[in-house]
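S.K.: Here's a structure for you.
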Amino acid sequence: MNSLDFSILVQAWPYLWSGLLFSLALTVAAFVVGMLLGTCFALVQHFELPVVSQIVRSYIALIRSIPLILVLFWFFFLVPIVLGHLYGNGRPIPIGATWTAFITFGLFEAAYYSEIIRVGLRAVNKGQFEACQALALSTFDTYRCVILPQVIRVASPIILSQTIILFQDTSLVYVLSLTDLLGAASKLAQLNGRLVEMYLVVAMVYLAISSAASQCVASLRRRYALGGAHR
Amino acid sequence: MRQQGAVSPSDGTSAIVVVEKLMKRFGRFTALNDVNLTVAKGEKIVLCGPSGSGKSTLIRCINHIEKHDGGRIVVDGVELMDRMADINSVRCEVGMVFQSFNLFPHLSVVENCMLAPMKVRGLSRAEAHERAMGLLRKVRIDGQADKYPAQLSGGQQQRVAIARALCMQPKIMLFDEPTSALDPEMVKEVLDTMVQLAGEGMTMVCVTHEMGFAREVADRVVFMDQGSIVEEGEPASFFRAPRTERARGFLNQIIH
Amino acid sequence: MFGVLFEQTADGQRYIDWLLTGLGWTLALAFFGWWIAFAVGVVVGIGRTVQNRFVAALARLYVEIFRNIPVLVQMFLWYFVLPEILPGRLGDAIKQIPPPWGSFFPALVCLGLYTAARIAEQVRAGIEALPKGQTEAANALGLTPHLTYRHVIVPQALRLIVPSLTSEVMGIYKNTSVALTIGLMELTAQARQISEATFQTFTAFGAATLIYLVLALIAYQSMMLIDRAVRIPGSTPAKDAIEPALADDVQPGAALPHGMEVVK
């Protein structure tokens, strides 16, 4: 075994850094899209809208049952075809791996966030709805001003835990040969042959970010537990 | 055997529990302050007092469920210190009944009674079963032996808990507000069981607000307030003419 | 539409045989990985709750490391890095393991230990959710800490977390697909291979998706069966606890069968 040589990191760092930025950008984008879409999905189910809620429910069950890698392959293949039908003459419009990753992660995470919000919606005290009715709030205002803020608050530790998992899952864009943190490390490793150092460093970076984030979530949860926000 | 740590009880050989200068703190709160108590073999003691007076803490210390911070506790000749062997041998001799029953929900009634005799006393399954059934019969609940705790009423669960403690053949039984978590109509069946046990000569220390039970059974009533023993005496005189103002106030409150 | 699956491949098999081989690897990985994960997870989870500070810290360290590094990165660590940092002979011996097994074993260890960290957290949450009176009652009966865990705490905690373990079962079989990155030809890899060989992408991925769906259904149903089988008579079923979304981190109280608490 060769002795470890971390000095190559100095040269490698800018490239790894740009990879990390990509990972973070993907995480943030998937979080925003996933939360917006996921909330819609959850509300559709909550109101039991005919047909739409069945479709949404099947979509969520399907997405949650198959591996993310397979979902990535599916979207890489399907999205150009769908776009072709929507905007073209039926011929697939290639969009490239980066767009695929952003679209896939947004739609994929929506399924997971929507489950969290759906459960949160069910946990809201019935009295809250009754109080809103008594105050003659419109349905829209009831949800926007009273119900959803409570749901988000109660579910926020779980939402954040899911987001940490999301951040780790973004490493799977490796299968699309994208240059996220892991992708950058793997490409460098092939060039300079220092794969031990590269992968160890990547592992440490993920570990540091994820466990720091976990600590924040844990302290958030403790604060809520003390404040008695729930129950 | 029980030689090491042995002390001669302060009043004759019949003392089974000796508590001397007991101190217990929870953080900055002093739960027990200089408590002295001797329980003779066969004696029935009722501990009473307002909530937070330290009576539950006292009997939890006797079983070392709470560690004490100062003073001494000697149970059946063994001083309770940190040695696990001592603690466990004491716990075998001391049965405890909790306010909230604390039956093991995943075990049936009879299994609840058999677990400790088999694992701690080393009884065979058959012996443990026989003993358990005998004691369940005694608390009149042998018909439910194969049910699970969640299928029983509170009063039935508490009687199972008493049987479970008795299965270890303890020399002394501690009761920590055994009827406080029960619906009123179930209090009597549990008290009846305790009266019966007392009649058989069991040494008992009971934390309870059931003054009728205290009158009928207790040899001595010990009144505690703010972590100290304020007054003790025979039930008749204690209830008729408490000597301290605090005990008088307390009795007035619980009678009305 | 699935007709292409029954066509002959270049190596004289049918495409469906490729899929079935892939399924075999997926199942083997998920099944054996699960038992590793369960065994290690229970031990580590218990370790997190014991009095001994050193053991508790060690268990916590395990969970932090294995939960906070992406499973794909862990896969690379086991496959690429481990043989390099082991002393020469041993590392070489590992590199010599012939093809499918050379990928299978690192993947197995990786998935087992990764999932174990998640199970450990469930076990810990289950143990901490038990009423304190259970330990006290066991102590009062003279049970040693060891006996208390063995007969009182762990049996109850495991029953409590069966619903949330469902999501870990689903998790491990889905994560088997990550093994394709180190060259194991499991289900997803086979589907991609078929798609590349036949250009029938829809069919290839569709078939794999169907198989994953069926697996998910089987996993879900069997966990429900197990839950029913070990449920304590007299306790009410834990409907909310089945929620896989919340099961990612069991919140004491929220996800518990109410019948579990003897008191009130």
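Ligands are numbered from 1 in the order shown, residues from 1 within each chain, and chains are lettered A, B, ... in the order they appear in the structure tokens.
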For chain B, work out the contacting residues on chain C at 10 Å, counting only C-alpha atoms, and write them as a PyMOL selection string.
M.R.: chain C and resi 131-145+147-148+151-153+155-156+159+230-236+259-264
S.K.: Against chain C, which residues of chain A fall within 7 Å? For each one I want the closest pair of atoms and the distance in Å (one decimal), counting only C-alpha atoms, rows by chain and increasing residue number, as JSON lines.
M.R.:
```
{"residue": "A:Met1", "atom": "CA", "partner": "C:Glu84", "partner_atom": "CA", "distance": 5.9}
{"residue": "A:Ser65", "atom": "CA", "partner": "C:Ala216", "partner_atom": "CA", "distance": 5.8}
{"residue": "A:Ile66", "atom": "CA", "partner": "C:Tyr212", "partner_atom": "CA", "distance": 5.7}
{"residue": "A:Pro67", "atom": "CA", "partner": "C:Lys174", "partner_atom": "CA", "distance": 4.6}
{"residue": "A:Ile69", "atom": "CA", "partner": "C:Ser177", "partner_atom": "CA", "distance": 6.8}
{"residue": "A:Leu70", "atom": "CA", "partner": "C:Thr188", "partner_atom": "CA", "distance": 6.3}
{"residue": "A:Tyr112", "atom": "CA", "partner": "C:Ala245", "partner_atom": "CA", "distance": 6.8}
{"residue": "A:Glu115", "atom": "CA", "partner": "C:Ala245", "partner_atom": "CA", "distance": 5.6}
{"residue": "A:Ile116", "atom": "CA", "partner": "C:Ala245", "partner_atom": "CA", "distance": 5.3}
{"residue": "A:Gln168", "atom": "CA", "partner": "C:Pro70", "partner_atom": "CA", "distance": 4.8}
{"residue": "A:Asp169", "atom": "CA", "partner": "C:Pro70", "partner_atom": "CA", "distance": 6.5}
{"residue": "A:Ser171", "atom": "CA", "partner": "C:Leu72", "partner_atom": "CA", "distance": 6.9}
{"residue": "A:Leu172", "atom": "CA", "partner": "C:Leu72", "partner_atom": "CA", "distance": 6.8}
{"residue": "A:Val196", "atom": "CA", "partner": "C:Val81", "partner_atom": "CA", "distance": 5.1}
{"residue": "A:Tyr199", "atom": "CA", "partner": "C:Leu77", "partner_atom": "CA", "distance": 6.8}
{"residue": "A:Ala203", "atom": "CA", "partner": "C:Ile69", "partner_atom": "CA", "distance": 6.0}
{"residue": "A:Tyr206", "atom": "CA", "partner": "C:Ile69", "partner_atom": "CA", "distance": 5.6}
{"residue": "A:Leu207", "atom": "CA", "partner": "C:Asn68", "partner_atom": "CA", "distance": 5.0}
{"residue": "A:Ser210", "atom": "CA", "partner": "C:Asn68", "partner_atom": "CA", "distance": 5.3}
{"residue": "A:Ser211", "atom": "CA", "partner": "C:Asn68", "partner_atom": "CA", "distance": 5.9}
```
S.K.: At what distance in Å, to one decimal, does CA of Arg153 in chain A lie from CA of Ala125 in chain C?
M.R.: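 Interatomic distance here is 21.3 Å.
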S.K.: List the neighbours of range 154-157 of chain A out to 9 Å using only C-alpha atoms; skip same-chain residues closer than 3 positions along the sequence, and give me the result as a short mmCIF file (atom, residue, chain, number, x, y, z; two decimals) with N, CA, C and O atoms, in the first residue's frame.
M.R.:
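Just written: around_38.cif:
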```cif
data_model
loop_
_atom_site.label_atom_id
_atom_site.label_comp_id
_atom_site.auth_asym_id
_atom_site.auth_seq_id
_atom_site.Cartn_x
_atom_site.Cartn_y
_atom_site.Cartn_z
N ILE A 116 -44.90 13.30 4.49
CA ILE A 116 -44.67 13.92 5.80
C ILE A 116 -45.77 14.94 6.09
O ILE A 116 -46.34 14.98 7.17
N ILE A 117 -46.07 15.76 5.08
CA ILE A 117 -47.08 16.81 5.29
C ILE A 117 -48.47 16.21 5.44
O ILE A 117 -49.27 16.67 6.26
N VAL A 119 -49.28 13.34 6.77
CA VAL A 119 -49.41 12.84 8.13
C VAL A 119 -49.56 14.01 9.10
O VAL A 119 -50.37 13.97 10.03
N GLY A 120 -48.80 15.08 8.84
CA GLY A 120 -48.90 16.26 9.69
C GLY A 120 -50.30 16.86 9.65
O GLY A 120 -50.85 17.26 10.67
N PRO A 149 -49.18 26.42 8.57
CA PRO A 149 -48.09 26.84 9.46
C PRO A 149 -47.88 25.87 10.63
O PRO A 149 -46.75 25.58 11.01
N GLN A 150 -48.98 25.37 11.18
CA GLN A 150 -48.84 24.41 12.28
C GLN A 150 -48.21 23.12 11.81
O GLN A 150 -47.36 22.54 12.49
N VAL A 151 -48.67 22.66 10.63
CA VAL A 151 -48.14 21.40 10.11
C VAL A 151 -46.64 21.53 9.87
O VAL A 151 -45.85 20.67 10.29
N LEU A 160 -36.60 18.36 7.89
CA LEU A 160 -35.16 18.64 7.81
C LEU A 160 -34.35 17.35 7.75
O LEU A 160 -33.38 17.24 7.01
N SER A 161 -34.77 16.33 8.53
CA SER A 161 -34.06 15.04 8.45
C SER A 161 -34.14 14.49 7.04
O SER A 161 -33.15 13.97 6.50
N GLN A 162 -35.32 14.62 6.45
CA GLN A 162 -35.48 14.14 5.07
C GLN A 162 -34.56 14.93 4.13
O GLN A 162 -34.01 14.38 3.19
N VAL A 217 -30.80 19.84 13.73
CA VAL A 217 -32.15 19.30 13.79
C VAL A 217 -32.45 18.81 15.20
O VAL A 217 -33.52 19.06 15.75
N ALA A 218 -31.46 18.13 15.80
CA ALA A 218 -31.68 17.59 17.14
C ALA A 218 -31.94 18.71 18.14
O ALA A 218 -32.83 18.61 18.98
N LEU A 220 -33.07 21.65 17.47
CA LEU A 220 -34.39 22.20 17.13
C LEU A 220 -35.49 21.38 17.78
O LEU A 220 -36.42 21.91 18.38
N ARG A 221 -35.35 20.08 17.65
CA ARG A 221 -36.36 19.17 18.21
C ARG A 221 -36.44 19.32 19.72
O ARG A 221 -37.53 19.35 20.29
N TYR A 224 -38.34 22.45 20.58
CA TYR A 224 -39.78 22.27 20.42
C TYR A 224 -40.34 21.42 21.54
O TYR A 224 -41.42 21.70 22.05
N ALA A 229 -44.56 22.57 21.70
CA ALA A 229 -45.26 22.98 20.49
C ALA A 229 -46.21 21.87 20.05
O ALA A 229 -47.25 22.13 19.48
N HIS A 230 -45.83 20.64 20.33
CA HIS A 230 -46.61 19.51 19.88
C HIS A 230 -47.36 18.93 21.07
O HIS A 230 -46.75 18.66 22.09
N LEU C 246 -43.06 9.12 8.56
CA LEU C 246 -42.66 9.52 9.91
C LEU C 246 -41.71 8.52 10.52
O LEU C 246 -41.01 8.81 11.47
#
```
S.K.: Please measure the separation of CA of Ala247 in chain B and CA of Gly49 in chain B, giving the value in Å to one decimal.
M.R.: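 Straight-line distance from CA of Ala247 in chain B to CA of Gly49 in chain B works out to 7.8 Å.
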S.K.: Could you pull the residues within 12 Å of Cys61 in chain B, counting only C-alpha atoms, minus those fewer than 6 positions along the same chain, as a PyMOL selection string?
M.R.: (chain B and resi 17-19+22-25+31-32+35+54-55+67-75+80-81+87+90-91+94+96+174+176) or (chain C and resi 136+140)
S.K.: Distance CA of Glu130 in chain B-CA of Val160 in chain B, one decimal place?
M.R.: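 Computing the Euclidean distance for CA of Glu130 in chain B and CA of Val160 in chain B yields 15.1 Å.
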S.K.: Contacts of Val109 in chain C at 8 Å or less, counting only C-alpha atoms, minus same-chain residues fewer than 6 places along, as a list in words?
M.R.: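 That gives Gly33, Ile36 and Trp78 of chain C.
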S.K.: For Val173 in chain A, find every residue with an atom within 10 Å (counting only C-alpha atoms), except residues of its own chain fewer than 3 positions away, and show them as a PyMOL selection string.
M.R.: chain A and resi 23+26+68-69+72+97-98+100-102+105+169-170+176-183
S.K.: Give me, as a PyMOL selection string, all polymer residues having an atom no more than 9 Å from Ile254 in chain B, counting only C-alpha atoms and skipping those fewer than 3 positions away in the same chain.
M.R.: chain B and resi 209+211+249-251
S.K.: So that I have them on file, write out the residues from the current selection with C-alpha atoms, as a PDB file, in the first residue's frame.
M.R.:
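Writing the result to out-v4.pdb gives the following:
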```pdb
ATOM      1  CA  HIS B 209     -54.012   8.071  51.602  1.00  0.00           C
ATOM      2  CA  MET B 211     -56.963   6.281  56.147  1.00  0.00           C
ATOM      3  CA  GLY B 249     -53.863  20.420  58.784  1.00  0.00           C
ATOM      4  CA  PHE B 250     -53.147  17.422  56.591  1.00  0.00           C
ATOM      5  CA  LEU B 251     -55.801  15.265  58.241  1.00  0.00           C
TER       6      LEU B 251
END
```
S.K.: Per DSSP on the backbone, what are the alpha helix (DSSP H) residues of range 44-253 of chain C, as a PyMOL selection string?
M.R.: chain C and resi 44-47+53-68+71-76+82-85+88-96+99-129+132-140+145-148+154-175+187-198+201-230+244-247
S.K.: Pick the closest to Ala15 in chain B from B:Thr38, B:Gln253, B:Gln196, B:Ser153: which is it, counting only C-alpha atoms?
M.R.: B:Thr38
